[in-house]
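K.L.:
A single structure is presented below for examination.
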Amino acid sequence: MPEAQETVLEIDLKSLEHNYKYLRSKLKGETKFLSVVKAAAYGSAPDIVALKLQELGTDYFAVAYVKEGVALRHAGITKPILVLHPQAVNFETLIEHYLEPSIYSFRILNQFLAVLQEKAIDDYPIHIKFNTGLNRIGFGEKDLTEIISIIQGESSLSVVSVFSHLAATEDKNEEKFTRNQITLFEKLSSAFCTSLNLNPLRHILNTSGILNYADAQYDMVRSGIGLYGYGNDSRVDEQLKPIATLKTVISQLHQLSENESVGYNRAFITQKNRVTATLPVGHADGIGRQYGKGKTFVMINGQLAPIIGNVCMDMIMVDVTEIPCKEGDEVILFGPQLSAHKVAKTANTISYELITGISQRVKRIYLP
Ligand SMILES: *Cc1c(COP(=O)(O)O)cnc(C)c1O
């Protein structure tokens with residue numbers, strides 16, 4: 001692996017391949033695999049990651065917004081792309097790029113129908129989203145009769161899938177709730193398909209769903225975090241490989257004596273002689289202030305160094321008193337050696353937030 005000379009996010013495509021194959025191995029051969037590449041492929045590198053997944057044989061992609069789908073089309077993605085949370089203002093762009101909307105409310109359904117009718121389009125692929133308890137987006141049980149009557153005989157649409165999203169697949173304590181969601185999905189999707197005499201794909205599982213509720217895989221699963229190497233469970237984490245490593249270098253070392261302060265607002269005061277290292281990465285790169293003041297560690301030459309004082313916009317300072325190191329040495333903020341899940345936990349958040357928050361200022365590099 002190349003030594004970092006500045007802050008970089010290194011993406012290992014072999015690890016992506018490993019994770020994809022691992023997740024697929026948990027499924028029946030005929031189950032389709034949808035790769036969730038929203039939020040810049042969870043903060044990694046959407047183009048390169050999606051192209052690799054396309055080459056590996058993923059059946060479908062999903063993004064949150066139309067803009068993200070357009071970028072994938074420009075990158076050369078030809079597989080179908082589900083847009084999970086489109087807004088009507090982008091429907092023309094969505095259609096131009098042959099992106100497939102999730103239809104989650106009557107408002108969005110009617111707005112989409114109006115655009116299709118105006119353009120005299122037939123059979124446009126859509127995905128019907130049911131709310132089974134997450135209470136975020138989707139049609140509820142009470143809406144069933146009305147959606148069926150709108151879609152019945154509507155030639156501008158073609159329902160290619162019916163889906164829902166589970167609220168707590170990683171939490172064994174919520175197994176009963178999850179099972180109820182799956183039962184409700186079975187009921188709603190069956191009633192929908194039977195009334196309309198349709199046979200669309202059905203899907204409800206995310207990554208932790210694949211690992212904990214594989215019996216509910218239906219025709220397709222939607223995986224995000226697992227592809228990037230995190231499984232919301234330490235046993236699963238051992239089987240997966242984080243694809244992204246955030247690394248930087250020591251810019252400068254300081255020898256401080258007793259009762260000196262470090263950083264803005266003097267948030268760290270030395271009790272005795274200390275050696276500190278300044279690193280060229282800060283909250284504008286995605287390492288938020290919640291990671292400062294001793295909460296979180298970085299890895300230098302295999303040892304953990306706490307982030308001291310306040311995180312600055314472009315820099316952090318770490319205590320390296322006990323660690324043999326010199327200016328120019330490599331520093332790991334997270335990656336296979338230092339799990340983003342563990343780092344995130346020190347600041348009471350989750351790997352998803354840490355990895356998706358790495359800003360575009362950080363250069364992405366690839367290991368083929
Ligand atoms: C983000 C998202 C996923 C992916 O979830 P992971 O836990 O990252 O696997 C799946 N489905 C929907 C609707 C999502 O919004």
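The chains in the structure tokens are called A, B, ... from first to last as shown; in each chain the residues are counted from 1, and the ligands are counted from 1 in the order shown.
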So that I can see what lies close to range 259-264 of chain A, please list as a PyMOL selection string the residues with an atom at most 8 Å from it, counting only C-alpha atoms and leaving out residues fewer than 3 positions away in the same chain.

P.N.:
chain A and resi 256+267-272+308-310+312+317

K.L.:
Between chain A and ligand 1, at 8 Å or less, what are the per-residue closest atom pairs and their distances in Å? Count only C-alpha atoms and all ligand atoms, order by chain and rising residue number, and return it as CSV.

P.N.:
residue,atom,partner,partner_atom_place_in_ligand_line,distance
A:Val36,CA,ligand 1,4 (C),5.7
A:Lys38,CA,ligand 1,1 (C),7.1
A:Ala64,CA,ligand 1,15 (O),7.0
A:Leu84,CA,ligand 1,13 (C),6.3
A:Ser164,CA,ligand 1,13 (C),7.0
A:His165,CA,ligand 1,13 (C),5.2
A:Ile204,CA,ligand 1,11 (N),7.6
A:Leu205,CA,ligand 1,10 (C),7.1
A:Asn206,CA,ligand 1,9 (O),4.1
A:Thr207,CA,ligand 1,9 (O),3.6
A:Ser208,CA,ligand 1,7 (O),6.2
A:Gly209,CA,ligand 1,9 (O),7.9
A:Arg222,CA,ligand 1,10 (C),4.9
A:Ser223,CA,ligand 1,9 (O),3.8
A:Gly224,CA,ligand 1,8 (O),3.5
A:Ile225,CA,ligand 1,8 (O),3.7
A:Gly226,CA,ligand 1,9 (O),6.0
A:Leu227,CA,ligand 1,9 (O),7.9
A:Tyr352,CA,ligand 1,8 (O),7.6

K.L.:
Between CA of Val83 in chain A and CA of Pro101 in chain A, what is the distance in Å, rounded to a tenth?

P.N.:
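So the two atoms, CA of Val83 in chain A and CA of Pro101 in chain A, lie 4.9 Å apart.
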
K.L.:
Could you check how far CA of Gly282 in chain A sits from CA of Met313 in chain A, in Å to one decimal?

P.N.:
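We find that CA of Gly282 in chain A and CA of Met313 in chain A lie 4.7 Å from each other.
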
K.L.:
Just want the 12 Å neighbourhood of Gln111 in chain A, counted on only C-alpha atoms, with same-chain residues fewer than 3 positions away dropped. Output as a ChimeraX atom specification.

P.N.:
/A:86-92,101,103-108,114-118

K.L.:
Which residue gives the smallest distance to Glu6 in chain A among A:Asn273, A:Asn348, A:Gln217, A:Ser251, with only C-alpha atoms counted?

P.N.:
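Distance minimum relative to Glu6 in chain A lands on A:Ser251.
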